[in-house]
>>> print(open('protein-v9.cif').read())   # mmCIF, C-alpha atoms
data_upload
loop_
_atom_site.label_atom_id
_atom_site.label_comp_id
_atom_site.auth_asym_id
_atom_site.auth_seq_id
_atom_site.Cartn_x
_atom_site.Cartn_y
_atom_site.Cartn_z
CA MET A 1 0.00 0.00 0.00
CA ASP A 2 1.45 3.38 -1.03
CA THR A 3 2.04 6.16 1.49
CA ILE A 4 -1.01 8.40 1.83
CA SER A 5 -0.99 12.16 2.33
CA LEU A 6 -2.32 14.03 5.33
CA TRP A 7 -5.41 15.25 3.48
CA GLN A 8 -6.15 11.70 2.27
CA LEU A 9 -5.91 10.51 5.88
CA ALA A 10 -8.34 13.27 6.87
CA VAL A 11 -10.79 12.17 4.18
CA LEU A 12 -10.56 8.55 5.35
CA ALA A 13 -11.12 9.70 8.94
CA ALA A 14 -14.29 11.53 7.87
CA ALA A 15 -15.45 8.42 6.01
CA SER A 16 -14.78 6.36 9.15
CA THR A 17 -16.95 8.75 11.16
CA LEU A 18 -19.68 8.23 8.57
CA VAL A 19 -19.34 4.47 9.10
CA GLY A 20 -20.24 4.96 12.76
CA PHE A 21 -23.16 7.21 11.85
CA SER A 22 -24.46 4.76 9.26
CA LYS A 23 -24.36 1.86 11.71
CA THR A 24 -26.53 3.63 14.28
CA ALA A 25 -28.73 5.87 12.10
CA VAL A 26 -28.83 5.56 8.30
CA SER A 27 -27.41 2.28 7.03
CA GLY A 28 -27.42 3.25 3.36
CA ALA A 29 -25.07 6.15 4.05
CA ASN A 30 -22.29 3.58 4.37
CA THR A 31 -22.06 3.39 0.57
CA ILE A 32 -20.53 6.85 0.60
CA SER A 33 -17.78 5.61 2.93
CA LEU A 34 -16.91 2.63 0.77
CA ALA A 35 -16.84 4.88 -2.30
CA VAL A 36 -14.46 7.29 -0.51
CA PHE A 37 -12.16 4.45 0.56
CA ALA A 38 -12.17 3.07 -3.00
CA ALA A 39 -11.33 6.54 -4.37
CA VAL A 40 -8.45 7.25 -1.97
CA LEU A 41 -6.98 3.73 -1.89
CA PRO A 42 -6.72 1.03 -4.55
CA ALA A 43 -10.18 -0.57 -4.73
CA ARG A 44 -9.09 -4.09 -3.74
CA GLU A 45 -6.89 -2.90 -0.86
CA SER A 46 -9.59 -0.54 0.38
CA THR A 47 -11.84 -3.47 1.23
CA GLY A 48 -9.25 -4.91 3.61
CA VAL A 49 -8.72 -1.56 5.35
CA LEU A 50 -12.45 -0.89 5.67
CA LEU A 51 -13.46 -4.28 7.08
CA PRO A 52 -12.10 -3.83 10.66
CA ILE A 53 -13.63 -0.34 10.75
CA LEU A 54 -16.99 -1.80 9.77
CA ILE A 55 -16.69 -4.46 12.47
CA ALA A 56 -16.03 -1.75 15.06
CA GLY A 57 -19.18 0.03 13.89
CA ASP A 58 -21.12 -3.23 14.00
CA LEU A 59 -20.11 -3.79 17.62
CA LEU A 60 -21.34 -0.32 18.57
CA ALA A 61 -24.60 -0.83 16.68
CA VAL A 62 -25.25 -4.21 18.34
CA ARG A 63 -24.64 -2.65 21.73
CA VAL A 64 -27.35 -0.06 21.03
CA TYR A 65 -29.93 -2.05 19.02
CA ARG A 66 -29.32 -5.69 20.05
CA ARG A 67 -32.89 -6.12 21.38
CA HIS A 68 -34.56 -5.07 18.12
CA ALA A 69 -33.24 -7.77 15.78
CA HIS A 70 -35.69 -10.02 13.93
CA TRP A 71 -33.93 -13.40 14.07
CA PRO A 72 -36.28 -15.36 11.75
CA THR A 73 -35.27 -12.96 8.98
CA LEU A 74 -31.58 -13.38 9.81
CA LEU A 75 -31.75 -17.17 9.83
CA ARG A 76 -33.58 -17.11 6.49
CA LEU A 77 -30.87 -14.94 4.92
CA PHE A 78 -27.65 -16.56 6.14
CA PRO A 79 -27.56 -19.64 3.84
CA ALA A 80 -27.97 -17.49 0.73
CA VAL A 81 -25.43 -14.98 2.04
CA ALA A 82 -22.87 -17.77 2.48
CA VAL A 83 -23.27 -18.67 -1.20
CA GLY A 84 -22.72 -15.03 -2.13
CA VAL A 85 -19.60 -14.73 0.04
CA VAL A 86 -18.04 -17.78 -1.63
CA ALA A 87 -18.90 -16.39 -5.07
CA GLY A 88 -17.42 -13.02 -4.10
CA THR A 89 -14.21 -14.68 -2.89
CA LEU A 90 -13.82 -16.47 -6.23
CA PHE A 91 -14.46 -13.20 -8.06
CA MET A 92 -11.77 -11.42 -6.03
CA LEU A 93 -9.20 -14.01 -7.06
CA TRP A 94 -9.06 -12.51 -10.56
CA ALA A 95 -10.84 -9.12 -10.46
CA ASP A 96 -8.84 -5.90 -10.76
CA ASP A 97 -9.76 -2.52 -9.29
CA ALA A 98 -11.80 -1.42 -12.30
CA ALA A 99 -13.85 -4.63 -12.29
CA VAL A 100 -14.56 -4.28 -8.58
CA ARG A 101 -15.77 -0.68 -8.88
CA THR A 102 -17.87 -1.22 -11.98
CA SER A 103 -19.59 -4.41 -10.82
CA ILE A 104 -20.52 -3.07 -7.40
CA GLY A 105 -21.76 0.28 -8.72
CA ALA A 106 -23.92 -1.46 -11.31
CA ILE A 107 -25.39 -3.86 -8.74
CA LEU A 108 -26.27 -1.03 -6.34
CA LEU A 109 -28.11 0.94 -9.02
CA PHE A 110 -29.90 -2.16 -10.31
CA MET A 111 -31.08 -3.13 -6.82
CA THR A 112 -32.29 0.41 -6.19
CA GLY A 113 -34.39 0.27 -9.35
CA VAL A 114 -35.84 -3.11 -8.38
CA THR A 115 -36.73 -1.90 -4.89
CA LEU A 116 -38.38 1.30 -6.13
CA TRP A 117 -40.42 -0.76 -8.58
CA ARG A 118 -41.48 -3.21 -5.85
CA ARG A 119 -42.47 -0.38 -3.52
CA ARG A 120 -44.50 1.34 -6.25
CA ILE A 121 -46.41 -1.87 -7.00
CA ALA A 122 -47.06 -2.41 -3.28
CA GLU A 123 -48.36 1.14 -2.86
CA GLN A 124 -50.69 0.75 -5.85
CA GLU A 125 -52.07 -2.50 -4.46
CA ALA A 126 -52.57 -0.92 -1.04
CA GLY A 127 -54.37 2.03 -2.59
CA GLU A 128 -56.70 -0.24 -4.54
CA GLN A 129 -57.60 -2.11 -1.38
CA GLY A 130 -58.11 1.12 0.56
CA THR A 131 -55.85 -0.05 3.38
CA ASN A 132 -52.44 0.84 4.68
CA LYS A 133 -49.57 -1.52 4.12
CA GLU A 134 -49.50 -3.49 7.36
CA ALA A 135 -45.88 -4.50 6.99
CA GLY A 136 -44.78 -0.91 7.44
CA ALA A 137 -47.02 -0.33 10.44
CA GLY A 138 -45.93 -3.26 12.56
CA ALA A 139 -43.73 -3.37 15.61
CA ASP A 140 -40.24 -1.98 15.39
CA SER A 141 -38.80 -5.46 15.71
CA GLY A 142 -39.69 -5.90 12.02
CA GLY A 143 -41.40 -8.40 9.79
CA GLU A 144 -41.26 -9.99 6.40
CA GLY A 145 -43.89 -7.88 4.69
CA GLY A 146 -44.57 -8.92 1.12
CA THR A 147 -41.06 -10.22 0.56
CA GLY A 148 -41.03 -14.00 0.18
CA ARG A 149 -38.36 -16.64 0.40
CA THR A 150 -37.33 -16.22 -3.24
CA ALA A 151 -36.64 -12.52 -2.72
CA ALA A 152 -34.75 -13.30 0.50
CA ARG A 153 -32.51 -15.76 -1.37
CA GLY A 154 -31.87 -13.28 -4.18
CA TYR A 155 -31.04 -10.40 -1.87
CA GLY A 156 -29.00 -12.74 0.34
CA VAL A 157 -26.77 -13.96 -2.51
CA LEU A 158 -26.29 -10.42 -3.80
CA GLY A 159 -25.65 -9.15 -0.27
CA GLY A 160 -23.03 -11.83 0.36
CA PHE A 161 -21.35 -11.21 -3.00
CA THR A 162 -21.22 -7.44 -2.65
CA THR A 163 -20.10 -7.49 0.97
CA MET A 164 -17.23 -9.82 0.09
CA VAL A 165 -16.16 -7.94 -3.02
CA ALA A 166 -16.28 -4.37 -1.69
CA ASN A 167 -18.00 -4.31 1.72
CA ALA A 168 -21.06 -3.08 -0.20
CA GLY A 169 -23.61 -5.47 1.21
CA GLY A 170 -25.17 -2.70 3.32
CA PRO A 171 -27.17 -1.10 0.50
CA VAL A 172 -28.44 -4.45 -0.78
CA MET A 173 -29.61 -5.54 2.66
CA SER A 174 -31.01 -2.08 3.37
CA LEU A 175 -33.15 -2.34 0.26
CA TYR A 176 -34.28 -5.82 1.28
CA LEU A 177 -35.27 -4.74 4.79
CA LEU A 178 -37.11 -1.70 3.43
CA SER A 179 -39.01 -3.84 0.93
CA ALA A 180 -39.86 -6.26 3.77
CA GLY A 181 -41.49 -3.40 5.71
CA PHE A 182 -39.02 -2.96 8.56
CA ARG A 183 -39.27 0.28 10.49
CA LYS A 184 -36.31 2.14 11.96
CA LEU A 185 -35.45 0.19 15.12
CA GLY A 186 -36.18 -3.24 13.63
CA PHE A 187 -34.21 -2.22 10.55
CA LEU A 188 -31.19 -1.11 12.59
CA GLY A 189 -31.26 -4.02 15.04
CA THR A 190 -31.53 -6.67 12.32
CA SER A 191 -28.83 -4.94 10.25
CA ALA A 192 -26.51 -4.66 13.25
CA TRP A 193 -26.52 -8.37 14.06
CA PHE A 194 -26.47 -9.37 10.40
CA PHE A 195 -23.34 -7.40 9.55
CA LEU A 196 -21.49 -8.18 12.76
CA ILE A 197 -21.85 -11.90 12.06
CA VAL A 198 -21.15 -11.61 8.32
CA ASN A 199 -18.21 -9.21 8.59
CA VAL A 200 -16.47 -11.26 11.28
CA SER A 201 -16.91 -14.38 9.13
CA LYS A 202 -15.27 -12.55 6.21
CA VAL A 203 -12.00 -11.92 8.06
CA PRO A 204 -10.37 -15.31 7.23
CA PHE A 205 -11.31 -14.90 3.55
CA SER A 206 -9.86 -11.38 3.45
CA VAL A 207 -6.63 -12.49 5.12
CA GLY A 208 -6.35 -15.37 2.68
CA LEU A 209 -6.78 -13.01 -0.27
CA GLY A 210 -4.09 -10.70 1.14
CA LEU A 211 -6.56 -7.86 1.68
CA ILE A 212 -5.79 -7.63 5.42
CA ASP A 213 -2.12 -7.42 6.40
CA ALA A 214 0.14 -5.52 8.77
CA HIS A 215 0.04 -2.35 6.66
CA SER A 216 -3.76 -2.27 6.46
CA LEU A 217 -4.08 -2.90 10.20
CA LEU A 218 -1.68 -0.03 10.91
CA LEU A 219 -3.93 2.33 8.95
CA ASP A 220 -6.95 0.91 10.77
CA ALA A 221 -5.33 1.76 14.10
CA CYS A 222 -5.31 5.41 13.03
CA LEU A 223 -8.92 5.40 11.85
CA LEU A 224 -10.83 3.32 14.40
CA LEU A 225 -11.20 6.12 16.94
CA PHE A 226 -13.19 8.17 14.44
CA VAL A 227 -15.98 5.56 14.34
CA LEU A 228 -17.09 6.33 17.91
CA PRO A 229 -18.19 9.98 17.47
CA GLY A 230 -20.07 9.02 14.31
CA ALA A 231 -21.93 6.27 16.16
CA TYR A 232 -22.82 8.66 18.98
CA LEU A 233 -24.13 11.25 16.51
CA GLY A 234 -26.24 8.62 14.78
CA ARG A 235 -27.67 7.44 18.10
CA VAL A 236 -28.71 10.99 18.93
CA CYS A 237 -30.25 11.66 15.52
CA VAL A 238 -32.05 8.37 14.80
CA HIS A 239 -35.24 9.14 16.75
CA ARG A 240 -35.52 12.54 15.10
CA ILE A 241 -35.60 11.17 11.55
CA ASN A 242 -39.07 10.77 10.04
CA GLN A 243 -39.76 7.27 8.63
CA LYS A 244 -40.38 8.52 5.08
CA VAL A 245 -37.28 10.70 5.25
CA PHE A 246 -35.35 7.71 6.62
CA ASP A 247 -36.40 5.57 3.63
CA ARG A 248 -35.52 8.29 1.15
CA ILE A 249 -32.11 8.89 2.71
CA VAL A 250 -31.30 5.17 2.50
CA ILE A 251 -32.31 4.99 -1.16
CA GLY A 252 -30.64 8.30 -2.02
CA ALA A 253 -27.38 7.28 -0.36
CA THR A 254 -27.47 3.98 -2.25
CA VAL A 255 -27.85 5.76 -5.59
CA ALA A 256 -25.09 8.24 -4.71
CA GLY A 257 -22.71 5.46 -3.71
CA GLY A 258 -23.45 3.43 -6.85
CA LEU A 259 -22.87 6.42 -9.13
CA GLN A 260 -19.64 7.31 -7.34
CA LEU A 261 -18.28 3.82 -7.85
CA LEU A 262 -19.14 3.91 -11.55
CA LEU A 263 -17.64 7.36 -12.10
CA ILE A 264 -14.41 6.93 -10.14
#
>>> encode(input="protein-v9.cif", output="structure tokens")
Amino acid sequence: MDTISLWQLAVLAAASTLVGFSKTAVSGANTISLAVFAAVLPARESTGVLLPILIAGDLLAVRVYRRHAHWPTLLRLFPAVAVGVVAGTLFMLWADDAAVRTSIGAILLFMTGVTLWRRRIAEQEAGEQGTNKEAGAGADSGGEGGTGRTAARGYGVLGGFTTMVANAGGPVMSLYLLSAGFRKLGFLGTSAWFFLIVNVSKVPFSVGLGLIDAHSLLLDACLLLFVLPGAYLGRVCVHRINQKVFDRIVIGATVAGGLQLLLI
């Protein structure tokens, strides 16, 4: 890994703060962080640097939202995610930086389009029936909404693939949880446990691929402290964010991150 300048370190520190904020407030905002890391560092190496920072954010998020996870959803997703992680590992054996950026950016934009389409159809059906969508009005611990097992498998494989390739599983799983009707606390609690388990399981794969080494861990040691203030800020702000605004921020951040990866 080449020596980075002071301003690049400052940009990475800001992105690390955003990681903390995304873990405790707006999960989709994390795509901006991964895009920043991929812009400042070589795309493949950036994934190894970012992973320990994400795990630190996951630990903070689990501490705050551990009681709000919906475990049936998690157990349904994990087998498909494992398939995606293996596929992502194989992809990383030959992919260069350009392939990593292009593939992840395209997947994020595609999944955003699919989710917007699904939400529009659901709203039209709810309007025809003259009733509110019950999945979005349930308890904060979450639910499956109109998303069936086939959708869970599809999102799970894509989530596993993107999280292995570029730590970009957050947007995919955010879109899945939104389409399943999760509200803020259920969304954040389920995401927190999901990514803590998945990201820790990725460490041996990343070490084996040479993405995590002594140099990357040294940079992590400089950046980890910046995750904490971001997590605190997110914890303070989360209850002040309107549900509709929350959904729009997640989708908007996903689109922004996808476009950044394609344009880098």
>>> resolve_selection(input="protein-v9.cif", expression="the PyMOL selection byres ((chain A and resi 175-177) around 8)", output="MDAnalysis selection string")
chainID A and resid 111:112 115 152 155 171:174 178:182 187 251
>>> resolve_selection(input="protein-v9.cif", expression="the PyMOL selection byres ((chain A and resi 101) around 10)", output="list in words")
Ala35, Ala38, Ala39, Ala43, Arg44, Ala95, Asp96, Asp97, Ala98, Ala99, Val100, Thr102, Ser103, Ile104, Gly105, Ala106, Val165, Ala166, Gly258, Gln260, Leu261, Leu262, Leu263 and Ile264 of chain A
>>> write_last_selection(input="protein-v9.cif", atoms="C-alpha atoms", output="compact mmCIF listing (two decimals), keeping the file's coordinate frame")
# COMPACT_ATOMS: atom_id res chain seq x y z
CA ALA A 35 -16.84 4.88 -2.30
CA ALA A 38 -12.17 3.07 -3.00
CA ALA A 39 -11.33 6.54 -4.37
CA ALA A 43 -10.18 -0.57 -4.73
CA ARG A 44 -9.09 -4.09 -3.74
CA ALA A 95 -10.84 -9.12 -10.46
CA ASP A 96 -8.84 -5.90 -10.76
CA ASP A 97 -9.76 -2.52 -9.29
CA ALA A 98 -11.80 -1.42 -12.30
CA ALA A 99 -13.85 -4.63 -12.29
CA VAL A 100 -14.56 -4.28 -8.58
CA THR A 102 -17.87 -1.22 -11.98
CA SER A 103 -19.59 -4.41 -10.82
CA ILE A 104 -20.52 -3.07 -7.40
CA GLY A 105 -21.76 0.28 -8.72
CA ALA A 106 -23.92 -1.46 -11.31
CA VAL A 165 -16.16 -7.94 -3.02
CA ALA A 166 -16.28 -4.37 -1.69
CA GLY A 258 -23.45 3.43 -6.85
CA GLN A 260 -19.64 7.31 -7.34
CA LEU A 261 -18.28 3.82 -7.85
CA LEU A 262 -19.14 3.91 -11.55
CA LEU A 263 -17.64 7.36 -12.10
CA ILE A 264 -14.41 6.93 -10.14
>>> residues_around(input="protein-v9.cif", residues="Gly252 (chain A)", least_positions_apart="2", cutoff="12 Å", atoms="only C-alpha atoms", output="ChimeraX atom specification")
/A:26-32,108-109,112-113,116,171,174-175,245-250,254-259
>>> resolve_selection(input="protein-v9.cif", expression="the PyMOL selection byres ((chain A and resi 79) around 12)", output="compact mmCIF listing (two decimals) with C-alpha atoms, in the coordinates of the input")
# COMPACT_ATOMS: atom_id res chain seq x y z
CA THR A 73 -35.27 -12.96 8.98
CA LEU A 74 -31.58 -13.38 9.81
CA LEU A 75 -31.75 -17.17 9.83
CA ARG A 76 -33.58 -17.11 6.49
CA LEU A 77 -30.87 -14.94 4.92
CA PHE A 78 -27.65 -16.56 6.14
CA ALA A 80 -27.97 -17.49 0.73
CA VAL A 81 -25.43 -14.98 2.04
CA ALA A 82 -22.87 -17.77 2.48
CA VAL A 83 -23.27 -18.67 -1.20
CA GLY A 84 -22.72 -15.03 -2.13
CA VAL A 85 -19.60 -14.73 0.04
CA VAL A 86 -18.04 -17.78 -1.63
CA ARG A 149 -38.36 -16.64 0.40
CA ALA A 152 -34.75 -13.30 0.50
CA ARG A 153 -32.51 -15.76 -1.37
CA GLY A 154 -31.87 -13.28 -4.18
CA TYR A 155 -31.04 -10.40 -1.87
CA GLY A 156 -29.00 -12.74 0.34
CA VAL A 157 -26.77 -13.96 -2.51
CA GLY A 159 -25.65 -9.15 -0.27
CA GLY A 160 -23.03 -11.83 0.36
CA VAL A 198 -21.15 -11.61 8.32
>>> closest_residue(input="protein-v9.cif", among="A:Ala168, A:Leu90, A:Val62, A:Leu18", to="Thr47 (chain A)", atoms="only C-alpha atoms")
A:Ala168
>>> closest_residue(input="protein-v9.cif", among="A:Thr190, A:Thr24, A:Gln124, A:Thr150", to="Gly234 (chain A)", atoms="all atoms listed in the file")
A:Thr24
